[in-house]
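Engineer: For reference, the file coords.pdb (PDB, C-alpha atoms) is included below:
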ATOM      1  CA  SER A   1    -160.187-160.463  83.503
ATOM      2  CA  LEU A   2    -162.603-162.632  85.462
ATOM      3  CA  ARG A   3    -163.105-164.903  82.437
ATOM      4  CA  GLN A   4    -159.383-165.550  82.132
ATOM      5  CA  VAL A   5    -159.003-166.163  85.874
ATOM      6  CA  SER A   6    -161.905-168.635  86.007
ATOM      7  CA  GLN A   7    -160.441-170.560  83.069
ATOM      8  CA  ARG A   8    -156.937-170.805  84.535
ATOM      9  CA  THR A   9    -155.493-174.286  84.702
ATOM     10  CA  ILE A  10    -154.601-175.810  88.082
ATOM     11  CA  SER A  11    -151.111-174.796  89.202
ATOM     12  CA  THR A  12    -148.404-177.471  89.340
ATOM     13  CA  ALA A  13    -148.409-177.653  93.145
ATOM     14  CA  SER A  14    -152.039-178.714  93.456
ATOM     15  CA  ARG A  15    -151.880-180.793  90.293
ATOM     16  CA  ARG A  16    -149.564-183.217  92.058
ATOM     17  CA  GLN A  17    -152.376-183.847  94.570
ATOM     18  CA  LEU A  18    -154.580-185.180  91.753
ATOM     19  CA  GLU A  19    -151.966-187.407  90.157
ATOM     20  CA  ASN A  20    -151.633-191.117  90.669
ATOM     21  CA  ARG A  21    -149.031-191.562  93.420
ATOM     22  CA  VAL A  22    -149.574-195.293  93.915
ATOM     23  CA  PRO A  23    -146.275-196.203  92.144
ATOM     24  CA  GLU A  24    -144.349-194.137  94.721
ATOM     25  CA  LYS A  25    -146.120-195.958  97.550
ATOM     26  CA  GLN A  26    -145.458-199.296  95.883
ATOM     27  CA  LYS A  27    -141.754-198.496  95.766
ATOM     28  CA  LEU A  28    -141.719-197.424  99.437
ATOM     29  CA  PHE A  29    -143.517-200.509 100.712
ATOM     30  CA  GLN A  30    -141.555-202.956  98.567
ATOM     31  CA  GLU A  31    -138.155-201.662  99.690
ATOM     32  CA  ASP A  32    -135.987-204.504 100.981
ATOM     33  CA  ASN A  33    -135.308-203.039 104.449
ATOM     34  CA  GLY A  34    -136.628-205.819 106.689
ATOM     35  CA  LEU A  35    -139.284-203.589 108.251
ATOM     36  CA  PRO A  36    -142.678-205.174 108.966
ATOM     37  CA  VAL A  37    -145.638-203.596 107.162
ATOM     38  CA  TYR A  38    -146.920-201.829 110.290
ATOM     39  CA  LEU A  39    -143.666-199.834 110.583
ATOM     40  CA  LYS A  40    -142.720-199.562 106.929
ATOM     41  CA  GLY A  41    -144.380-196.230 106.206
ATOM     42  CA  GLY A  42    -142.045-194.011 108.203
ATOM     43  CA  ILE A  43    -141.590-192.272 111.556
ATOM     44  CA  MET A  44    -145.325-191.732 112.167
ATOM     45  CA  ASP A  45    -145.865-195.507 112.080
ATOM     46  CA  GLY A  46    -143.545-195.985 115.028
ATOM     47  CA  LEU A  47    -145.142-193.135 116.955
ATOM     48  CA  LEU A  48    -148.684-194.407 116.420
ATOM     49  CA  TYR A  49    -147.553-197.903 117.393
ATOM     50  CA  LYS A  50    -146.012-196.646 120.641
ATOM     51  CA  VAL A  51    -149.080-194.593 121.522
ATOM     52  CA  THR A  52    -151.384-197.559 120.868
ATOM     53  CA  MET A  53    -149.168-199.863 122.917
ATOM     54  CA  GLY A  54    -149.008-197.309 125.715
ATOM     55  CA  ILE A  55    -152.763-196.999 125.956
ATOM     56  CA  THR A  56    -153.445-200.743 125.792
ATOM     57  CA  VAL A  57    -150.682-201.808 128.201
ATOM     58  CA  LEU A  58    -151.360-199.081 130.767
ATOM     59  CA  GLY A  59    -155.092-199.615 130.362
ATOM     60  CA  THR A  60    -154.756-203.352 130.958
ATOM     61  CA  GLY A  61    -152.743-202.625 134.084
ATOM     62  CA  TYR A  62    -155.476-200.272 135.262
ATOM     63  CA  VAL A  63    -158.143-202.929 134.669
ATOM     64  CA  ILE A  64    -156.208-205.414 136.811
ATOM     65  CA  TYR A  65    -155.912-202.760 139.523
ATOM     66  CA  GLU A  66    -159.638-202.012 139.384
ATOM     67  CA  LEU A  67    -160.428-205.743 139.550
ATOM     68  CA  LEU A  68    -158.231-206.148 142.617
ATOM     69  CA  MET A  69    -159.864-203.133 144.284
ATOM     70  CA  ALA A  70    -163.366-204.341 143.430
ATOM     71  CA  SER A  71    -162.641-207.792 144.863
ATOM     72  CA  MET A  72    -161.411-206.423 148.220
ATOM     73  CA  PRO A  73    -163.900-206.121 151.070
ATOM     74  CA  LYS A  74    -164.830-202.524 151.976
ATOM     75  CA  LYS A  75    -163.258-201.283 155.241
ATOM     76  CA  GLN A  76    -165.664-201.525 158.207
ATOM     77  CA  LYS A  77    -166.068-198.303 160.240
TER
ATOM     78  CA  MET B  78    -134.375-214.057  98.757
ATOM     79  CA  ALA B  79    -136.856-216.969  99.227
ATOM     80  CA  HIS B  80    -140.058-216.938  97.199
ATOM     81  CA  GLN B  81    -143.313-218.661  98.130
ATOM     82  CA  ALA B  82    -144.559-221.568  95.997
ATOM     83  CA  HIS B  83    -148.259-220.874  96.715
ATOM     84  CA  SER B  84    -150.773-218.080  96.111
ATOM     85  CA  TYR B  85    -151.677-217.371  99.744
ATOM     86  CA  HIS B  86    -150.600-214.402 101.851
ATOM     87  CA  MET B  87    -148.366-215.151 104.832
ATOM     88  CA  VAL B  88    -148.642-211.846 106.704
ATOM     89  CA  ASP B  89    -145.829-210.068 108.564
ATOM     90  CA  PRO B  90    -145.984-210.461 112.372
ATOM     91  CA  SER B  91    -148.339-207.770 113.641
ATOM     92  CA  PRO B  92    -149.269-206.327 117.038
ATOM     93  CA  TRP B  93    -152.827-205.368 116.072
ATOM     94  CA  PRO B  94    -154.609-208.619 117.005
ATOM     95  CA  ILE B  95    -153.379-208.599 120.600
ATOM     96  CA  PHE B  96    -153.772-204.818 120.949
ATOM     97  CA  GLY B  97    -157.300-205.238 119.551
ATOM     98  CA  ALA B  98    -158.043-207.877 122.173
ATOM     99  CA  ALA B  99    -156.738-205.552 124.874
ATOM    100  CA  ALA B 100    -158.920-202.770 123.471
ATOM    101  CA  GLY B 101    -161.904-205.127 123.827
ATOM    102  CA  LEU B 102    -160.933-205.769 127.449
ATOM    103  CA  LEU B 103    -160.671-202.043 128.165
ATOM    104  CA  THR B 104    -163.993-201.292 126.464
ATOM    105  CA  THR B 105    -165.962-203.985 128.273
ATOM    106  CA  SER B 106    -164.357-203.240 131.644
ATOM    107  CA  GLY B 107    -164.946-199.582 130.884
ATOM    108  CA  LEU B 108    -168.646-200.216 130.424
ATOM    109  CA  ILE B 109    -168.712-201.887 133.839
ATOM    110  CA  THR B 110    -166.903-199.061 135.639
ATOM    111  CA  TRP B 111    -169.156-196.559 133.853
ATOM    112  CA  PHE B 112    -172.353-198.363 134.793
ATOM    113  CA  HIS B 113    -171.435-199.235 138.366
ATOM    114  CA  TYR B 114    -168.809-196.778 139.555
ATOM    115  CA  ASN B 115    -169.665-193.692 137.486
ATOM    116  CA  SER B 116    -166.164-193.536 135.943
ATOM    117  CA  SER B 117    -165.687-193.228 132.196
ATOM    118  CA  THR B 118    -161.847-193.296 132.052
ATOM    119  CA  LEU B 119    -161.532-196.952 131.077
ATOM    120  CA  LEU B 120    -164.338-196.716 128.528
ATOM    121  CA  THR B 121    -162.653-193.748 126.873
ATOM    122  CA  LEU B 122    -159.297-195.570 126.809
ATOM    123  CA  GLY B 123    -161.031-198.634 125.389
ATOM    124  CA  LEU B 124    -162.804-196.817 122.581
ATOM    125  CA  LEU B 125    -159.695-194.808 121.757
ATOM    126  CA  SER B 126    -157.453-197.869 121.558
ATOM    127  CA  MET B 127    -160.121-199.687 119.504
ATOM    128  CA  LEU B 128    -160.136-196.813 117.008
ATOM    129  CA  LEU B 129    -156.328-196.755 116.818
ATOM    130  CA  VAL B 130    -156.128-200.509 116.240
ATOM    131  CA  MET B 131    -158.803-200.444 113.529
ATOM    132  CA  LEU B 132    -157.133-197.559 111.701
ATOM    133  CA  GLN B 133    -153.683-199.155 111.752
ATOM    134  CA  TRP B 134    -154.827-202.700 110.993
ATOM    135  CA  TRP B 135    -156.885-201.686 107.967
ATOM    136  CA  ARG B 136    -154.156-199.247 106.870
ATOM    137  CA  ASP B 137    -151.819-202.253 106.838
ATOM    138  CA  VAL B 138    -154.280-204.300 104.732
ATOM    139  CA  VAL B 139    -154.297-201.482 102.143
ATOM    140  CA  ARG B 140    -150.486-201.482 102.193
ATOM    141  CA  GLU B 141    -150.302-205.266 101.789
ATOM    142  CA  SER B 142    -152.730-205.257  98.849
ATOM    143  CA  THR B 143    -152.427-202.049  96.833
ATOM    144  CA  PHE B 144    -148.770-201.326  97.601
ATOM    145  CA  GLN B 145    -147.231-204.768  98.060
ATOM    146  CA  GLY B 146    -149.441-206.795  95.701
ATOM    147  CA  HIS B 147    -150.166-209.680  98.057
ATOM    148  CA  HIS B 148    -153.874-209.963  97.161
ATOM    149  CA  THR B 149    -153.851-212.663  94.517
ATOM    150  CA  PRO B 150    -157.179-214.036  93.213
ATOM    151  CA  THR B 151    -156.878-216.805  95.822
ATOM    152  CA  VAL B 152    -156.489-214.280  98.626
ATOM    153  CA  GLN B 153    -159.382-212.239  97.269
ATOM    154  CA  LYS B 154    -161.595-215.344  97.236
ATOM    155  CA  GLY B 155    -160.853-215.861 100.929
ATOM    156  CA  LEU B 156    -161.706-212.229 101.655
ATOM    157  CA  ARG B 157    -165.005-212.609  99.803
ATOM    158  CA  TYR B 158    -165.924-215.670 101.881
ATOM    159  CA  GLY B 159    -164.917-213.772 105.004
ATOM    160  CA  MET B 160    -167.073-210.743 104.251
ATOM    161  CA  ILE B 161    -170.068-212.916 103.370
ATOM    162  CA  LEU B 162    -169.708-214.867 106.616
ATOM    163  CA  PHE B 163    -169.385-211.650 108.599
ATOM    164  CA  ILE B 164    -172.507-210.127 107.061
ATOM    165  CA  THR B 165    -174.366-213.399 107.709
ATOM    166  CA  SER B 166    -173.387-213.200 111.368
ATOM    167  CA  GLU B 167    -174.711-209.634 111.474
ATOM    168  CA  ALA B 168    -177.979-210.833 109.953
ATOM    169  CA  PHE B 169    -178.320-213.296 112.851
ATOM    170  CA  PHE B 170    -177.542-210.466 115.263
ATOM    171  CA  PHE B 171    -180.507-208.470 113.974
ATOM    172  CA  LEU B 172    -182.665-211.607 113.824
ATOM    173  CA  GLY B 173    -182.467-211.701 117.618
ATOM    174  CA  PHE B 174    -183.903-208.211 117.960
ATOM    175  CA  PHE B 175    -186.670-208.945 115.476
ATOM    176  CA  TRP B 176    -187.460-212.071 117.511
ATOM    177  CA  ALA B 177    -187.721-209.962 120.646
ATOM    178  CA  PHE B 178    -190.033-207.515 118.871
ATOM    179  CA  PHE B 179    -192.398-210.235 117.646
ATOM    180  CA  HIS B 180    -192.318-212.034 120.996
ATOM    181  CA  SER B 181    -193.642-208.912 122.725
ATOM    182  CA  SER B 182    -195.910-207.553 120.001
ATOM    183  CA  LEU B 183    -197.719-210.724 118.908
ATOM    184  CA  VAL B 184    -198.858-211.517 122.468
ATOM    185  CA  PRO B 185    -199.138-208.135 124.245
ATOM    186  CA  THR B 186    -199.373-208.587 128.028
ATOM    187  CA  PRO B 187    -202.095-207.128 130.296
ATOM    188  CA  GLU B 188    -199.495-204.624 131.558
ATOM    189  CA  LEU B 189    -199.504-203.122 128.057
ATOM    190  CA  GLY B 190    -203.303-203.052 127.950
ATOM    191  CA  GLY B 191    -203.419-206.258 125.938
ATOM    192  CA  GLN B 192    -202.766-204.313 122.732
ATOM    193  CA  TRP B 193    -199.945-203.271 120.378
ATOM    194  CA  PRO B 194    -198.911-200.493 120.298
ATOM    195  CA  PRO B 195    -199.291-200.510 124.087
ATOM    196  CA  ALA B 196    -201.846-198.216 125.713
ATOM    197  CA  GLY B 197    -200.544-194.660 125.935
ATOM    198  CA  ILE B 198    -197.889-195.101 123.234
ATOM    199  CA  LYS B 199    -198.242-192.839 120.209
ATOM    200  CA  PRO B 200    -196.137-194.511 117.477
ATOM    201  CA  LEU B 201    -194.408-192.545 114.706
ATOM    202  CA  ASN B 202    -196.393-192.175 111.477
ATOM    203  CA  PRO B 203    -194.785-194.627 109.015
ATOM    204  CA  LEU B 204    -195.806-192.442 106.069
ATOM    205  CA  GLU B 205    -193.824-189.424 107.248
ATOM    206  CA  VAL B 206    -190.033-189.345 107.947
ATOM    207  CA  PRO B 207    -189.680-193.156 108.051
ATOM    208  CA  LEU B 208    -190.998-193.354 104.476
ATOM    209  CA  LEU B 209    -188.557-190.654 103.362
ATOM    210  CA  ASN B 210    -185.760-192.612 105.034
ATOM    211  CA  THR B 211    -186.816-195.693 103.099
ATOM    212  CA  ALA B 212    -186.615-193.760  99.832
ATOM    213  CA  ILE B 213    -183.210-192.369 100.809
ATOM    214  CA  LEU B 214    -181.695-195.780 101.492
ATOM    215  CA  LEU B 215    -183.197-197.318  98.362
ATOM    216  CA  ALA B 216    -181.780-194.445  96.302
ATOM    217  CA  SER B 217    -178.384-194.936  97.935
ATOM    218  CA  GLY B 218    -178.500-198.569  96.866
ATOM    219  CA  VAL B 219    -178.930-197.385  93.289
ATOM    220  CA  THR B 220    -176.102-194.837  93.526
ATOM    221  CA  VAL B 221    -173.647-197.338  95.015
ATOM    222  CA  THR B 222    -174.419-199.732  92.128
ATOM    223  CA  TRP B 223    -173.904-196.844  89.716
ATOM    224  CA  ALA B 224    -170.533-196.215  91.366
ATOM    225  CA  HIS B 225    -169.575-199.872  90.945
ATOM    226  CA  HIS B 226    -170.431-199.876  87.250
ATOM    227  CA  SER B 227    -168.453-196.666  86.814
ATOM    228  CA  ILE B 228    -165.416-198.292  88.425
ATOM    229  CA  THR B 229    -165.592-201.397  86.223
ATOM    230  CA  GLU B 230    -165.992-199.180  83.152
ATOM    231  CA  GLY B 231    -162.971-197.095  84.153
ATOM    232  CA  ASN B 232    -165.005-193.895  84.432
ATOM    233  CA  ARG B 233    -163.214-192.157  87.300
ATOM    234  CA  LYS B 234    -165.184-188.918  87.508
ATOM    235  CA  GLN B 235    -168.564-190.637  87.443
ATOM    236  CA  ALA B 236    -167.468-193.166  90.072
ATOM    237  CA  ILE B 237    -166.405-190.361  92.400
ATOM    238  CA  HIS B 238    -169.696-188.530  91.886
ATOM    239  CA  ALA B 239    -171.834-191.646  92.452
ATOM    240  CA  LEU B 240    -169.957-192.740  95.565
ATOM    241  CA  THR B 241    -170.053-189.215  97.013
ATOM    242  CA  LEU B 242    -173.806-189.103  96.425
ATOM    243  CA  THR B 243    -174.180-192.472  98.189
ATOM    244  CA  ILE B 244    -172.319-191.178 101.228
ATOM    245  CA  LEU B 245    -174.333-187.943 101.302
ATOM    246  CA  LEU B 246    -177.570-189.956 101.227
ATOM    247  CA  GLY B 247    -176.242-191.996 104.141
ATOM    248  CA  PHE B 248    -175.547-188.817 106.123
ATOM    249  CA  TYR B 249    -179.004-187.490 105.263
ATOM    250  CA  PHE B 250    -180.581-190.698 106.636
ATOM    251  CA  THR B 251    -178.557-190.457 109.841
ATOM    252  CA  ALA B 252    -179.443-186.797 110.333
ATOM    253  CA  LEU B 253    -183.159-187.476 109.836
ATOM    254  CA  GLN B 254    -183.076-190.456 112.229
ATOM    255  CA  ALA B 255    -181.299-188.368 114.853
ATOM    256  CA  MET B 256    -184.003-185.738 114.551
ATOM    257  CA  GLU B 257    -186.710-188.428 114.803
ATOM    258  CA  TYR B 258    -185.074-189.795 117.954
ATOM    259  CA  TYR B 259    -185.027-186.328 119.480
ATOM    260  CA  GLU B 260    -188.627-185.525 118.548
ATOM    261  CA  ALA B 261    -190.184-188.937 119.331
ATOM    262  CA  PRO B 262    -193.038-188.777 121.868
ATOM    263  CA  PHE B 263    -191.799-192.008 123.500
ATOM    264  CA  SER B 264    -188.414-193.011 124.967
ATOM    265  CA  ILE B 265    -186.467-196.242 125.415
ATOM    266  CA  ALA B 266    -187.899-196.475 128.938
ATOM    267  CA  ASP B 267    -191.485-196.576 127.690
ATOM    268  CA  SER B 268    -192.255-200.278 128.205
ATOM    269  CA  VAL B 269    -191.089-203.020 125.916
ATOM    270  CA  TYR B 270    -192.254-200.895 122.971
ATOM    271  CA  GLY B 271    -189.516-198.365 123.636
ATOM    272  CA  SER B 272    -186.953-201.081 124.259
ATOM    273  CA  THR B 273    -187.611-202.973 121.042
ATOM    274  CA  PHE B 274    -187.952-199.814 118.956
ATOM    275  CA  PHE B 275    -184.805-198.041 120.088
ATOM    276  CA  VAL B 276    -182.540-201.088 120.399
ATOM    277  CA  ALA B 277    -183.441-202.404 116.935
ATOM    278  CA  THR B 278    -183.389-199.033 115.146
ATOM    279  CA  GLY B 279    -180.434-197.907 117.248
ATOM    280  CA  PHE B 280    -178.216-200.801 116.228
ATOM    281  CA  HIS B 281    -179.362-200.263 112.654
ATOM    282  CA  GLY B 282    -178.341-196.603 112.879
ATOM    283  CA  LEU B 283    -174.940-197.634 114.211
ATOM    284  CA  HIS B 284    -174.535-199.901 111.196
ATOM    285  CA  VAL B 285    -175.472-197.032 108.869
ATOM    286  CA  ILE B 286    -172.686-194.997 110.457
ATOM    287  CA  ILE B 287    -170.243-197.898 110.104
ATOM    288  CA  GLY B 288    -171.294-198.388 106.480
ATOM    289  CA  SER B 289    -170.954-194.691 105.716
ATOM    290  CA  SER B 290    -167.463-194.711 107.230
ATOM    291  CA  PHE B 291    -166.472-197.735 105.142
ATOM    292  CA  LEU B 292    -167.797-196.034 101.992
ATOM    293  CA  SER B 293    -165.947-192.821 102.893
ATOM    294  CA  VAL B 294    -162.665-194.704 103.152
ATOM    295  CA  CYS B 295    -163.444-196.236  99.747
ATOM    296  CA  LEU B 296    -164.064-192.746  98.311
ATOM    297  CA  LEU B 297    -160.680-191.612  99.582
ATOM    298  CA  ARG B 298    -159.010-194.669  98.055
ATOM    299  CA  LEU B 299    -160.931-194.178  94.803
ATOM    300  CA  ILE B 300    -159.669-190.593  94.554
ATOM    301  CA  LYS B 301    -156.138-191.804  95.276
ATOM    302  CA  PHE B 302    -156.221-194.277  92.365
ATOM    303  CA  HIS B 303    -156.118-197.409  94.553
ATOM    304  CA  PHE B 304    -158.830-199.260  92.607
ATOM    305  CA  THR B 305    -158.463-200.761  89.149
ATOM    306  CA  SER B 306    -161.378-201.636  86.893
ATOM    307  CA  ASN B 307    -161.115-205.318  87.709
ATOM    308  CA  HIS B 308    -159.617-205.285  91.228
ATOM    309  CA  HIS B 309    -161.515-203.231  93.799
ATOM    310  CA  PHE B 310    -162.680-205.689  96.415
ATOM    311  CA  GLY B 311    -162.590-203.157  99.255
ATOM    312  CA  PHE B 312    -165.263-201.212  97.410
ATOM    313  CA  GLU B 313    -167.309-204.336  96.718
ATOM    314  CA  ALA B 314    -167.193-205.312 100.402
ATOM    315  CA  ALA B 315    -168.415-201.825 101.354
ATOM    316  CA  ALA B 316    -171.197-202.026  98.773
ATOM    317  CA  TRP B 317    -172.316-205.458 100.066
ATOM    318  CA  TYR B 318    -172.382-204.093 103.605
ATOM    319  CA  TRP B 319    -174.359-201.054 102.465
ATOM    320  CA  HIS B 320    -176.977-203.215 100.706
ATOM    321  CA  PHE B 321    -177.233-205.315 103.876
ATOM    322  CA  VAL B 322    -177.888-202.150 105.924
ATOM    323  CA  ASP B 323    -180.589-201.178 103.410
ATOM    324  CA  VAL B 324    -182.282-204.608 103.628
ATOM    325  CA  ILE B 325    -182.295-204.490 107.441
ATOM    326  CA  TRP B 326    -183.987-201.085 107.260
ATOM    327  CA  LEU B 327    -186.650-202.467 104.904
ATOM    328  CA  PHE B 328    -187.440-205.205 107.436
ATOM    329  CA  LEU B 329    -187.458-202.667 110.278
ATOM    330  CA  TYR B 330    -189.780-200.400 108.334
ATOM    331  CA  MET B 331    -192.221-203.163 107.393
ATOM    332  CA  THR B 332    -192.366-204.769 110.838
ATOM    333  CA  ILE B 333    -191.712-202.227 113.601
ATOM    334  CA  TYR B 334    -192.738-199.011 111.865
ATOM    335  CA  TRP B 335    -195.640-200.159 109.713
ATOM    336  CA  TRP B 336    -197.128-203.416 111.081
ATOM    337  CA  GLY B 337    -196.243-202.321 114.613
ATOM    338  CA  SER B 338    -198.271-199.118 114.422
TER
END
Write out the structure in this file as structure tokens.
Structural biologist:
Amino acid sequence: SLRQVSQRTISTASRRQLENRVPEKQKLFQEDNGLPVYLKGGIMDGLLYKVTMGITVLGTGYVIYELLMASMPKKQK
Amino acid sequence: MAHQAHSYHMVDPSPWPIFGAAAGLLTTSGLITWFHYNSSTLLTLGLLSMLLVMLQWWRDVVRESTFQGHHTPTVQKGLRYGMILFITSEAFFFLGFFWAFFHSSLVPTPELGGQWPPAGIKPLNPLEVPLLNTAILLASGVTVTWAHHSITEGNRKQAIHALTLTILLGFYFTALQAMEYYEAPFSIADSVYGSTFFVATGFHGLHVIIGSSFLSVCLLRLIKFHFTSNHHFGFEAAAWYWHFVDVIWLFLYMTIYWWGS
């Protein structure tokens, strides 16, 4: 009945979302594996790091290029 | 394994400071190429890299504190000093714009018709939306304090409700301001009135958005059990910032909106 359905308890799958998972994180980030904190979370850390580095390094190169171009005299006709 | 004989936090080597500096270079150069050469590539790269650096740097601070336990009382004291100094610097930032407003409005030039508001400018009625916005921010100051008390008392559900309400009030303010900006009968180009109005309220609005984002991150962390009843400095820092944003609005309202009309 509708009453019974509306009073159902949360299923186990979604209950895990509302539990305190800090101890698991504490274990992961205190593991003695020599990884620095910015890479210690897993594969995604490395990916994000590479993307950020890519953008900043390539961007810096582009800025230097633009500066060189802007400092050159324009070609006379 | 060596252990430290002091209560400070010697951080792991990190790439975020130098990447952050590069992001600043890209953003500022991007502004130049956007203004002068009509190209927004660099600006986009700059803002994107700035966002990535902020997300990863602050993610790491959460890891170092909540997950690795490096934030001793000594470390927390340093963070408190840091946040207070930062907010003080922001206060000086706004002081400059208030100075500009009073410089122009106390001695209105002949070009403005020798009056303030200048001739032809129809200012917003301070008793309409601006007054509502004042009430909204004051209320949000109450709700964020309610949230803090709930955290210290260990009342999880109430803390989540109060913080959510604070954030919703912040969004409501931003939405109303955006509508006011759209509907205003004057623009930023309308003499020094427009300049002082939109630059001062504009930077304030940006700070409301920053504050709302900070509070939203705190809500997420609150839901994920990161805060304890006596260690929740991230939340306190966000609450300080939010009160600062509220105080700036009160000054804006009293000076530019009310006295200035």
Engineer: Up to 7 Å from chain B, what residues of chain A turn up? Count all atoms listed in the file and give them as a list of chain:residue names.
Structural biologist: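 Close to chain B, chain A has A:Asn20, A:Val22, A:Lys25, A:Gln26, A:Phe29, A:Gln30, A:Pro36, A:Val37, A:Tyr38, A:Thr52, A:Ile55, A:Thr56, A:Gly59, A:Thr60, A:Val63.
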Engineer: Please produce a file of those selected residues containing C-alpha atoms, as a PDB file, in the coordinates of the input.
Structural biologist:
ATOM      1  CA  ASN A  20    -151.633-191.117  90.669  1.00  0.00           C
ATOM      2  CA  VAL A  22    -149.574-195.293  93.915  1.00  0.00           C
ATOM      3  CA  LYS A  25    -146.120-195.958  97.550  1.00  0.00           C
ATOM      4  CA  GLN A  26    -145.458-199.296  95.883  1.00  0.00           C
ATOM      5  CA  PHE A  29    -143.517-200.509 100.712  1.00  0.00           C
ATOM      6  CA  GLN A  30    -141.555-202.956  98.567  1.00  0.00           C
ATOM      7  CA  PRO A  36    -142.678-205.174 108.966  1.00  0.00           C
ATOM      8  CA  VAL A  37    -145.638-203.596 107.162  1.00  0.00           C
ATOM      9  CA  TYR A  38    -146.920-201.829 110.290  1.00  0.00           C
ATOM     10  CA  THR A  52    -151.384-197.559 120.868  1.00  0.00           C
ATOM     11  CA  ILE A  55    -152.763-196.999 125.956  1.00  0.00           C
ATOM     12  CA  THR A  56    -153.445-200.743 125.792  1.00  0.00           C
ATOM     13  CA  GLY A  59    -155.092-199.615 130.362  1.00  0.00           C
ATOM     14  CA  THR A  60    -154.756-203.352 130.958  1.00  0.00           C
ATOM     15  CA  VAL A  63    -158.143-202.929 134.669  1.00  0.00           C
TER      16      VAL A  63
END
Engineer: Which residues come within 10 Å of Gln192 of chain B, counting all atoms listed in the file, excluding same-chain residues fewer than 6 positions away, as JSON, numbers by chain?
Structural biologist: {"B": [182, 183, 184, 185, 186]}
Engineer: In terms of the shortest atom-to-atom distance over all atoms listed in the file, which of B:Ala224, B:Ile109, B:Lys199, B:Trp176 is closest to Thr332 of chain B?
Structural biologist: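 Comparing B:Ala224, B:Ile109, B:Lys199, B:Trp176 against Thr332 of chain B, the winner is B:Trp176.
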Engineer: Between atom CA of Leu208 of chain B and atom CA of Trp336 of chain B, measure the distance and give it in Å to one decimal.
Structural biologist: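 These two atoms are separated by 13.5 Å.
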Engineer: I'd like the interatomic distance between atom CA of Leu48 of chain A and atom CA of Trp135 of chain B, to a tenth of an Å.
Structural biologist: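 A separation of 13.8 Å between them.
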Engineer: Applying 12 Å and all atoms listed in the file, which residues near Met160 of chain B remain after dropping the ones on its own chain fewer than 3 positions away? List them as a JSON list (two decimals) with C-alpha atoms, in the frame of the given file.
Structural biologist:
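Okay, this is what ended up in out-v5.json:
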[["chain", "number", "residue", "atom", "x", "y", "z"],
["B", 153, "GLN", "CA", -159.38, -212.24, 97.27],
["B", 154, "LYS", "CA", -161.60, -215.34, 97.24],
["B", 155, "GLY", "CA", -160.85, -215.86, 100.93],
["B", 156, "LEU", "CA", -161.71, -212.23, 101.66],
["B", 157, "ARG", "CA", -165.00, -212.61, 99.80],
["B", 163, "PHE", "CA", -169.38, -211.65, 108.60],
["B", 164, "ILE", "CA", -172.51, -210.13, 107.06],
["B", 165, "THR", "CA", -174.37, -213.40, 107.71],
["B", 166, "SER", "CA", -173.39, -213.20, 111.37],
["B", 167, "GLU", "CA", -174.71, -209.63, 111.47],
["B", 310, "PHE", "CA", -162.68, -205.69, 96.42],
["B", 311, "GLY", "CA", -162.59, -203.16, 99.26],
["B", 312, "PHE", "CA", -165.26, -201.21, 97.41],
["B", 313, "GLU", "CA", -167.31, -204.34, 96.72],
["B", 314, "ALA", "CA", -167.19, -205.31, 100.40],
["B", 315, "ALA", "CA", -168.42, -201.82, 101.35],
["B", 316, "ALA", "CA", -171.20, -202.03, 98.77],
["B", 317, "TRP", "CA", -172.32, -205.46, 100.07],
["B", 318, "TYR", "CA", -172.38, -204.09, 103.60],
["B", 321, "PHE", "CA", -177.23, -205.32, 103.88]]
Engineer: Kindly provide, as an NGL selection string, the polymer residues lying within 12 Å of (-183.0, -198.8, 114.5), counting only C-alpha atoms and using the coordinates exactly as they appear in the file.
Structural biologist: :B and (171 or 174-175 or 207 or 210 or 250-251 or 254-255 or 257-258 or 265 or 271-286 or 322-323 or 325-330 or 332-334)
Engineer: One number please: atom CA of Val219 of chain B to atom CA of Ala239 of chain B, in Å, one decimal.
Structural biologist: 9.2 Å
Engineer: Please write as an mmCIF file with C-alpha atoms, in the frame of the given file the full residue list that the PyMOL selection byres ((chain B and resi 223) around 10) yields on this file.
Structural biologist:
data_model
loop_
_atom_site.group_PDB
_atom_site.id
_atom_site.type_symbol
_atom_site.label_atom_id
_atom_site.label_comp_id
_atom_site.auth_asym_id
_atom_site.auth_seq_id
_atom_site.Cartn_x
_atom_site.Cartn_y
_atom_site.Cartn_z
ATOM 1 C CA SER B 217 -178.384 -194.936 97.935
ATOM 2 C CA GLY B 218 -178.500 -198.569 96.866
ATOM 3 C CA VAL B 219 -178.930 -197.385 93.289
ATOM 4 C CA THR B 220 -176.102 -194.837 93.526
ATOM 5 C CA VAL B 221 -173.647 -197.338 95.015
ATOM 6 C CA THR B 222 -174.419 -199.732 92.128
ATOM 7 C CA ALA B 224 -170.533 -196.215 91.366
ATOM 8 C CA HIS B 225 -169.575 -199.872 90.945
ATOM 9 C CA HIS B 226 -170.431 -199.876 87.250
ATOM 10 C CA SER B 227 -168.453 -196.666 86.814
ATOM 11 C CA ILE B 228 -165.416 -198.292 88.425
ATOM 12 C CA GLN B 235 -168.564 -190.637 87.443
ATOM 13 C CA ALA B 236 -167.468 -193.166 90.072
ATOM 14 C CA HIS B 238 -169.696 -188.530 91.886
ATOM 15 C CA ALA B 239 -171.834 -191.646 92.452
ATOM 16 C CA LEU B 240 -169.957 -192.740 95.565
ATOM 17 C CA THR B 243 -174.180 -192.472 98.189
#
Engineer: As JSON, what would the box around segment 53-67 of chain A look like: edges along x, y and z, 5 Å added on every side, centre and edge lengths in Å to one decimal?
Structural biologist:
{"center_x": -154.7, "center_y": -201.4, "center_z": 131.2, "size_x": 21.4, "size_y": 18.7, "size_z": 26.6}
Engineer: Identify which of the residues B:His308, B:Leu299, B:Pro194, B:Leu162 lies closest to Ser181 of chain B, counting only C-alpha atoms when measuring atom-to-atom distances.
Structural biologist: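 Using only C-alpha atoms, Ser181 of chain B sits closest to B:Pro194.
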